[in-house]
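Below: one structure, written as structure tokens.
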Amino acid sequence: MNRPRTDGPRNPQRRPEEDDVITYEDYKQYLSPALSKATNLVIDHGEGSYVWDVSGRRYLDWVQGIAVNALGHCHPRVVEAIREQVGKLLTCSFNVVNYESTLKWAKRIAEIAPGELGSTFFSNGGAEATDGALKLAKAYTGRPGIIAFKGSFHGRTIAATSVTASSAHYRAGYDPLVPGIDLVTYPSADQSPEGYTDDQIADWALRQLTDLFAYVRDPHSVAAVLMEPVQGEGGYVVPPTRFVKALRQLCTDNGILLIFDEIQAGYGRTGRMFASENFDVVPDIMTIGKAMAGGLPASGVVSTPEIMAAWGPGRHGGTFGGNPVVASAGLAVLDVYAETHLLDNVNAVGSYLAGRLDELKDEFPIVTDARGLGLMRAIELNHVDGRPGGDLLEEVRAICLDKGLMTLSCGVRHNGMRFATPLNTTTELIDEGLDILHQALTTVSAREAPRHTSGATTKQAVAA
């Protein structure tokens, strides 16, 4: 594959009369303001860990479509699979006919899915998969109730918004949301009393759930508990294994289905093919998406044949899910995973990244936490007086972007930076990005120091 150009014509698909470089501001009036933009960049092309904007400037991309491009931009195997399929057939709708690529894709997913999960309903995006999983749980159990977690993010449709609680802003103005949904404490340090150990955090969160059953919601009216095995937008928060195992048992004891949202954490990002495997817990239903198809929109609801059998023909559907182009890309992704032993790289480079992030935490008082699994990692920023450092983070992100590094925030208080590198990244690329991040943290830390001259400048004073 040829290296991307850095000179010459910037965008050969543009009309000849458009002499000026296109900008977002030129076209902003034609777009709904509902979509929040992390940058104003207009990207022309990408390869691997890099993208180039229409002016020819290169950026190291640590967003990758929000953890979508697990193999980086335009992986040649994925591109070739797409090109070959596009030349044959785009769609006839999987409602009407079958495609060889989609049938094979479903079988491959069954082979890698944990436990007895082996039946897939294909859809297009994460929110659509969330809606499907909730419908499936209700169809199988005949129960109305759903329990989800504070700090969670499951999508932007009305049902997915109803089980999302990573920001009150996402829910504001949409009442009444879907009824019968309760939100409980996620087992995180941020949602537990200060100073709790992992075991105490687990017990605290479990007690909130059992109290819900005792005081508010009869567990036998609950169809499913929906949980991110590692929270994504909520801050890349890893729960204690003790809690995940206890939750599995609690669901089993009460006939409640356990749904794991693996849309961001799944497909290898945590160092296991699915994040649930880090806890040795198998859900009843699993949602997948993002990294499935190398950059094309894809998602799925995966469950056991028994549970799926309750979802009779015509009880759910979609026009584009499982189309042959996406399926061909999905097969190519899984081929690369298997042939390159990708998870070994995730664990090796992820361990290296963890060590480097711990060094940043030791060096900069404003970096108050470094956490995650595999290549699903984040840091948290706070002011030295303990206030959430969302403003600090935005300063850091702006400097990084100016120096050629694209980053993304996370966390309920918008003070986390998540690292969503390709899973085939290298330690050299990690160093390249962290060198830029180090410069940004140095600059912002220097601005922060004069604001707080009291003695409360230790890490203990800013523990989140």
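By convention here, the chains of the structure tokens are called A, B, ... in the order presented, each chain's residues are numbered starting at 1, and ligands are numbered starting at 1 in the order presented.
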For this session: Tell me, as an NGL selection string, which residues lie within 9 Å of stretch 141-153 of chain A, counting only C-alpha atoms; anything in the same chain fewer than 5 positions away does not count.
Result: :A and (134 or 136 or 160-161 or 163-167 or 179-186 or 191 or 217 or 219-228 or 231-235 or 255-257 or 310 or 411-412)
Selection export as a short mmCIF file (atom, residue, chain, number, x, y, z; two decimals), in the first residue's frame, atoms kept: N, CA, C and O atoms:
data_model
loop_
_atom_site.label_atom_id
_atom_site.label_comp_id
_atom_site.auth_asym_id
_atom_site.auth_seq_id
_atom_site.Cartn_x
_atom_site.Cartn_y
_atom_site.Cartn_z
N LEU A 134 -32.27 -5.12 25.10
CA LEU A 134 -33.36 -4.90 26.05
C LEU A 134 -34.64 -5.57 25.60
O LEU A 134 -35.37 -6.18 26.40
N LEU A 136 -34.83 -8.22 23.65
CA LEU A 136 -34.63 -9.66 23.77
C LEU A 136 -34.84 -10.12 25.21
O LEU A 136 -35.49 -11.14 25.47
N ALA A 160 -31.79 3.64 24.71
CA ALA A 160 -30.39 3.64 25.15
C ALA A 160 -30.11 4.82 26.07
O ALA A 160 -29.35 4.70 27.03
N THR A 161 -30.72 5.96 25.80
CA THR A 161 -30.58 7.12 26.68
C THR A 161 -31.16 6.81 28.06
O THR A 161 -30.63 7.26 29.08
N VAL A 163 -31.05 4.12 29.71
CA VAL A 163 -30.14 3.31 30.53
C VAL A 163 -28.74 3.91 30.58
O VAL A 163 -27.80 3.28 31.07
N THR A 164 -28.59 5.13 30.09
CA THR A 164 -27.31 5.84 30.10
C THR A 164 -27.30 6.85 31.24
O THR A 164 -28.26 7.60 31.42
N ALA A 165 -26.20 6.85 32.00
CA ALA A 165 -26.10 7.79 33.12
C ALA A 165 -24.67 8.26 33.32
O ALA A 165 -24.19 8.42 34.44
N SER A 166 -23.96 8.46 32.21
CA SER A 166 -22.60 9.01 32.30
C SER A 166 -22.61 10.53 32.28
O SER A 166 -21.58 11.16 32.52
N SER A 167 -23.76 11.12 32.00
CA SER A 167 -23.90 12.57 32.06
C SER A 167 -25.39 12.91 32.10
O SER A 167 -26.16 12.43 31.24
N PRO A 179 -39.99 3.79 30.89
CA PRO A 179 -40.27 3.45 32.28
C PRO A 179 -39.69 2.09 32.68
O PRO A 179 -39.28 1.30 31.83
N GLY A 180 -39.67 1.86 34.00
CA GLY A 180 -39.26 0.55 34.51
C GLY A 180 -37.77 0.36 34.59
O GLY A 180 -37.30 -0.77 34.72
N ILE A 181 -37.01 1.47 34.52
CA ILE A 181 -35.55 1.39 34.56
C ILE A 181 -35.04 2.00 35.86
O ILE A 181 -35.41 3.12 36.22
N ASP A 182 -34.21 1.26 36.58
CA ASP A 182 -33.57 1.76 37.80
C ASP A 182 -32.07 1.85 37.58
O ASP A 182 -31.47 0.98 36.94
N LEU A 183 -31.46 2.91 38.12
CA LEU A 183 -30.02 3.13 38.01
C LEU A 183 -29.39 2.94 39.38
O LEU A 183 -29.84 3.53 40.37
N VAL A 184 -28.36 2.11 39.46
CA VAL A 184 -27.70 1.81 40.73
C VAL A 184 -26.21 2.16 40.64
O VAL A 184 -25.69 2.46 39.57
N THR A 185 -25.55 2.06 41.78
CA THR A 185 -24.13 2.41 41.89
C THR A 185 -23.24 1.43 41.14
O THR A 185 -23.36 0.21 41.32
N TYR A 186 -22.35 1.97 40.30
CA TYR A 186 -21.32 1.15 39.69
C TYR A 186 -20.18 0.99 40.70
O TYR A 186 -19.88 1.93 41.44
N GLN A 191 -17.84 6.45 43.00
CA GLN A 191 -19.22 6.33 43.47
C GLN A 191 -19.31 5.69 44.86
O GLN A 191 -20.41 5.38 45.32
N ARG A 217 -37.73 -2.41 44.07
CA ARG A 217 -37.99 -3.20 42.87
C ARG A 217 -37.95 -4.70 43.19
O ARG A 217 -36.89 -5.22 43.55
N PRO A 219 -37.16 -8.21 42.64
CA PRO A 219 -36.24 -8.78 41.64
C PRO A 219 -36.93 -9.68 40.62
O PRO A 219 -36.44 -9.81 39.49
N HIS A 220 -38.08 -10.25 40.97
CA HIS A 220 -38.77 -11.13 40.03
C HIS A 220 -39.58 -10.36 38.99
O HIS A 220 -40.25 -10.96 38.15
N SER A 221 -39.50 -9.02 39.06
CA SER A 221 -40.08 -8.19 38.01
C SER A 221 -39.01 -7.63 37.07
O SER A 221 -39.31 -6.88 36.15
N VAL A 222 -37.76 -8.02 37.32
CA VAL A 222 -36.63 -7.49 36.55
C VAL A 222 -36.24 -8.45 35.44
O VAL A 222 -35.94 -9.63 35.69
N ALA A 223 -36.23 -7.96 34.21
CA ALA A 223 -35.83 -8.78 33.06
C ALA A 223 -34.31 -8.92 32.98
O ALA A 223 -33.80 -10.02 32.71
N ALA A 224 -33.58 -7.82 33.21
CA ALA A 224 -32.14 -7.86 32.99
C ALA A 224 -31.42 -6.77 33.77
O ALA A 224 -31.99 -5.71 34.07
N VAL A 225 -30.18 -7.05 34.09
CA VAL A 225 -29.22 -6.05 34.56
C VAL A 225 -28.25 -5.80 33.42
O VAL A 225 -27.65 -6.75 32.88
N LEU A 226 -28.10 -4.55 33.03
CA LEU A 226 -27.23 -4.15 31.93
C LEU A 226 -25.99 -3.48 32.50
O LEU A 226 -26.09 -2.49 33.23
N MET A 227 -24.82 -4.01 32.16
CA MET A 227 -23.57 -3.50 32.75
C MET A 227 -22.46 -3.47 31.71
O MET A 227 -22.33 -4.39 30.89
N GLU A 228 -21.67 -2.40 31.73
CA GLU A 228 -20.40 -2.40 31.00
C GLU A 228 -19.36 -3.11 31.88
O GLU A 228 -19.08 -2.65 32.99
N GLN A 231 -16.32 0.27 32.22
CA GLN A 231 -17.05 1.45 31.74
C GLN A 231 -16.23 2.20 30.70
O GLN A 231 -15.03 2.38 30.86
N GLY A 232 -16.90 2.65 29.65
CA GLY A 232 -16.24 3.37 28.57
C GLY A 232 -16.24 4.86 28.78
O GLY A 232 -15.35 5.42 29.41
N GLU A 233 -17.26 5.53 28.28
CA GLU A 233 -17.31 6.99 28.41
C GLU A 233 -17.33 7.42 29.88
O GLU A 233 -16.90 8.52 30.22
N GLY A 234 -17.81 6.55 30.75
CA GLY A 234 -17.83 6.86 32.17
C GLY A 234 -16.46 6.99 32.80
O GLY A 234 -16.35 7.40 33.97
N GLY A 235 -15.40 6.64 32.06
CA GLY A 235 -14.06 6.89 32.58
C GLY A 235 -13.08 5.74 32.49
O GLY A 235 -12.04 5.77 33.13
N GLY A 255 -33.40 -15.29 38.42
CA GLY A 255 -33.93 -15.45 37.07
C GLY A 255 -33.80 -14.21 36.23
O GLY A 255 -34.58 -13.99 35.28
N ILE A 256 -32.82 -13.37 36.56
CA ILE A 256 -32.57 -12.12 35.83
C ILE A 256 -31.46 -12.36 34.81
O ILE A 256 -30.44 -12.99 35.12
N LEU A 257 -31.64 -11.87 33.60
CA LEU A 257 -30.60 -11.99 32.58
C LEU A 257 -29.53 -10.93 32.82
O LEU A 257 -29.84 -9.79 33.15
N ALA A 310 -36.64 -17.26 21.88
CA ALA A 310 -37.83 -16.53 22.36
C ALA A 310 -38.14 -15.32 21.49
O ALA A 310 -39.22 -14.74 21.60
N GLY A 411 -15.24 10.28 31.41
CA GLY A 411 -15.51 10.51 32.81
C GLY A 411 -16.73 11.38 33.03
O GLY A 411 -17.00 12.30 32.24
N VAL A 412 -17.45 11.10 34.09
CA VAL A 412 -18.67 11.85 34.40
C VAL A 412 -18.37 13.32 34.60
O VAL A 412 -19.18 14.18 34.26
#
Problem set entry | Which residue of A:Leu342, A:Ile379, A:Ala440, A:Val86 approaches A:Ser409 most closely, using only C-alpha atoms | A:Ile379
Exercise. Counting only C-alpha atoms, what is within 12 Å of stretch 350-352 of chain A, bar same-chain residues fewer than 2 positions away, as a PyMOL selection string?
Worked result: chain A and resi 268-272+342-348+354-359+371-378+419-431+434
Using 8 Å as the limit and counting only C-alpha atoms, can you tabulate each residue of stretch 95-154 of chain A that touches stretch 329-337 of chain A, with its shortest atom-to-atom distance in Å and the two atoms involved, as CSV?
residue,atom,partner,partner_atom,distance
A:Ser101,CA,A:Leu331,CA,7.5
A:Lys104,CA,A:Leu331,CA,7.8
A:Trp105,CA,A:Leu331,CA,5.9
A:Arg108,CA,A:Leu331,CA,7.9
Could the residues in this selection be saved with N, CA and C atoms as a PDB file, in the first residue's frame?
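Full text of again_16.pdb as output:
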ATOM      1  N   SER A 101     -20.894 -14.084   3.135  1.00  0.00           N
ATOM      2  CA  SER A 101     -20.006 -13.432   4.100  1.00  0.00           C
ATOM      3  C   SER A 101     -20.676 -13.278   5.464  1.00  0.00           C
ATOM      4  N   LYS A 104     -20.920 -16.676   7.321  1.00  0.00           N
ATOM      5  CA  LYS A 104     -19.613 -17.057   7.856  1.00  0.00           C
ATOM      6  C   LYS A 104     -19.238 -16.186   9.055  1.00  0.00           C
ATOM      7  N   TRP A 105     -19.608 -14.910   8.990  1.00  0.00           N
ATOM      8  CA  TRP A 105     -19.293 -13.982  10.084  1.00  0.00           C
ATOM      9  C   TRP A 105     -20.001 -14.403  11.365  1.00  0.00           C
ATOM     10  N   ARG A 108     -18.176 -17.304  12.847  1.00  0.00           N
ATOM     11  CA  ARG A 108     -16.895 -16.909  13.455  1.00  0.00           C
ATOM     12  C   ARG A 108     -17.129 -16.234  14.809  1.00  0.00           C
TER      13      ARG A 108
END
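Of the residues listed (A:Gln264, A:Thr241, A:Thr443, A:Ser188), A:Ser188 shows the shortest atom-to-atom separation from A:Ile201; distances use only C-alpha atoms.
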For this session: Select from stretch 277-356 of chain A everything DSSP, run on the backbone, classes as helix (DSSP H, G or I), then give the selection as a VMD selection string.
Result: chain A and resid 277 to 278 290 to 293 305 to 309 324 to 340 342 to 356
For this session: Would you list the contacts of stretch 88-93 of chain A as a ChimeraX atom specification, taking every protein, DNA or RNA residue within 8 Å and counting only C-alpha atoms, but skipping same-chain residues closer than 4 positions in sequence?
Result: /A:84,97,319-321,323-325
Resulting file, chosen residues, N, CA and C atoms, as an mmCIF file, in the first residue's frame:
data_model
loop_
_atom_site.group_PDB
_atom_site.id
_atom_site.type_symbol
_atom_site.label_atom_id
_atom_site.label_comp_id
_atom_site.auth_asym_id
_atom_site.auth_seq_id
_atom_site.Cartn_x
_atom_site.Cartn_y
_atom_site.Cartn_z
ATOM 1 N N GLU A 84 -13.431 -5.820 -2.790
ATOM 2 C CA GLU A 84 -13.869 -7.021 -3.512
ATOM 3 C C GLU A 84 -15.378 -7.195 -3.401
ATOM 4 N N VAL A 97 -32.708 -11.978 1.815
ATOM 5 C CA VAL A 97 -31.827 -13.018 1.299
ATOM 6 C C VAL A 97 -30.697 -13.264 2.295
ATOM 7 N N THR A 319 -33.033 -2.830 8.267
ATOM 8 C CA THR A 319 -32.774 -2.892 6.826
ATOM 9 C C THR A 319 -31.327 -3.234 6.496
ATOM 10 N N PHE A 320 -30.374 -2.624 7.228
ATOM 11 C CA PHE A 320 -28.986 -2.705 6.808
ATOM 12 C C PHE A 320 -28.117 -3.656 7.628
ATOM 13 N N GLY A 321 -28.582 -4.113 8.779
ATOM 14 C CA GLY A 321 -27.763 -4.975 9.619
ATOM 15 C C GLY A 321 -27.309 -6.231 8.899
ATOM 16 N N ASN A 323 -25.193 -6.486 6.421
ATOM 17 C CA ASN A 323 -25.033 -6.394 4.959
ATOM 18 C C ASN A 323 -23.689 -6.984 4.530
ATOM 19 N N PRO A 324 -23.553 -7.421 3.285
ATOM 20 C CA PRO A 324 -22.377 -8.208 2.891
ATOM 21 C C PRO A 324 -21.066 -7.439 2.894
ATOM 22 N N VAL A 325 -21.108 -6.132 2.687
ATOM 23 C CA VAL A 325 -19.871 -5.347 2.694
ATOM 24 C C VAL A 325 -19.302 -5.294 4.107
#
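The closest residue to A:Ile263, picked from A:Asp175, A:Asp199, A:Glu128, A:Glu395 and counting only C-alpha atoms, is A:Glu128.
Scanning stretch 243-274 of chain A with DSSP on the backbone, the strand (DSSP E) assignments fall on A:Leu257, A:Leu258, A:Ile259, A:Phe260, A:Asp261.
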Selection file, all heavy atoms, as a JSON list (two decimals), in the first residue's frame:
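Here's the written file again.json:
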[["chain", "number", "residue", "atom", "x", "y", "z"],
["A", 257, "LEU", "N", -31.64, -11.87, 33.60],
["A", 257, "LEU", "CA", -30.60, -11.99, 32.58],
["A", 257, "LEU", "C", -29.53, -10.93, 32.82],
["A", 257, "LEU", "O", -29.84, -9.79, 33.15],
["A", 257, "LEU", "CB", -31.18, -11.83, 31.18],
["A", 257, "LEU", "CG", -32.21, -12.88, 30.74],
["A", 257, "LEU", "CD1", -32.62, -12.63, 29.28],
["A", 257, "LEU", "CD2", -31.69, -14.29, 30.91],
["A", 258, "LEU", "N", -28.28, -11.32, 32.64],
["A", 258, "LEU", "CA", -27.15, -10.40, 32.74],
["A", 258, "LEU", "C", -26.71, -10.02, 31.34],
["A", 258, "LEU", "O", -26.31, -10.88, 30.55],
["A", 258, "LEU", "CB", -26.00, -11.05, 33.51],
["A", 258, "LEU", "CG", -24.72, -10.21, 33.66],
["A", 258, "LEU", "CD1", -25.00, -8.89, 34.36],
["A", 258, "LEU", "CD2", -23.65, -11.01, 34.40],
["A", 259, "ILE", "N", -26.80, -8.73, 31.03],
["A", 259, "ILE", "CA", -26.37, -8.21, 29.73],
["A", 259, "ILE", "C", -25.05, -7.47, 29.92],
["A", 259, "ILE", "O", -24.97, -6.55, 30.75],
["A", 259, "ILE", "CB", -27.40, -7.24, 29.12],
["A", 259, "ILE", "CG1", -28.78, -7.89, 29.02],
["A", 259, "ILE", "CG2", -26.93, -6.78, 27.74],
["A", 259, "ILE", "CD1", -29.88, -6.91, 28.59],
["A", 260, "PHE", "N", -24.04, -7.84, 29.16],
["A", 260, "PHE", "CA", -22.79, -7.09, 29.17],
["A", 260, "PHE", "C", -22.69, -6.27, 27.89],
["A", 260, "PHE", "O", -22.80, -6.81, 26.78],
["A", 260, "PHE", "CB", -21.59, -8.04, 29.26],
["A", 260, "PHE", "CG", -21.23, -8.46, 30.66],
["A", 260, "PHE", "CD1", -20.37, -9.53, 30.87],
["A", 260, "PHE", "CD2", -21.74, -7.80, 31.76],
["A", 260, "PHE", "CE1", -20.03, -9.93, 32.15],
["A", 260, "PHE", "CE2", -21.40, -8.18, 33.05],
["A", 260, "PHE", "CZ", -20.55, -9.25, 33.24],
["A", 261, "ASP", "N", -22.47, -4.98, 28.06],
["A", 261, "ASP", "CA", -22.22, -4.08, 26.93],
["A", 261, "ASP", "C", -20.73, -4.13, 26.64],
["A", 261, "ASP", "O", -19.92, -3.53, 27.33],
["A", 261, "ASP", "CB", -22.66, -2.67, 27.31],
["A", 261, "ASP", "CG", -22.41, -1.64, 26.20],
["A", 261, "ASP", "OD1", -21.57, -1.90, 25.32],
["A", 261, "ASP", "OD2", -23.03, -0.57, 26.25]]
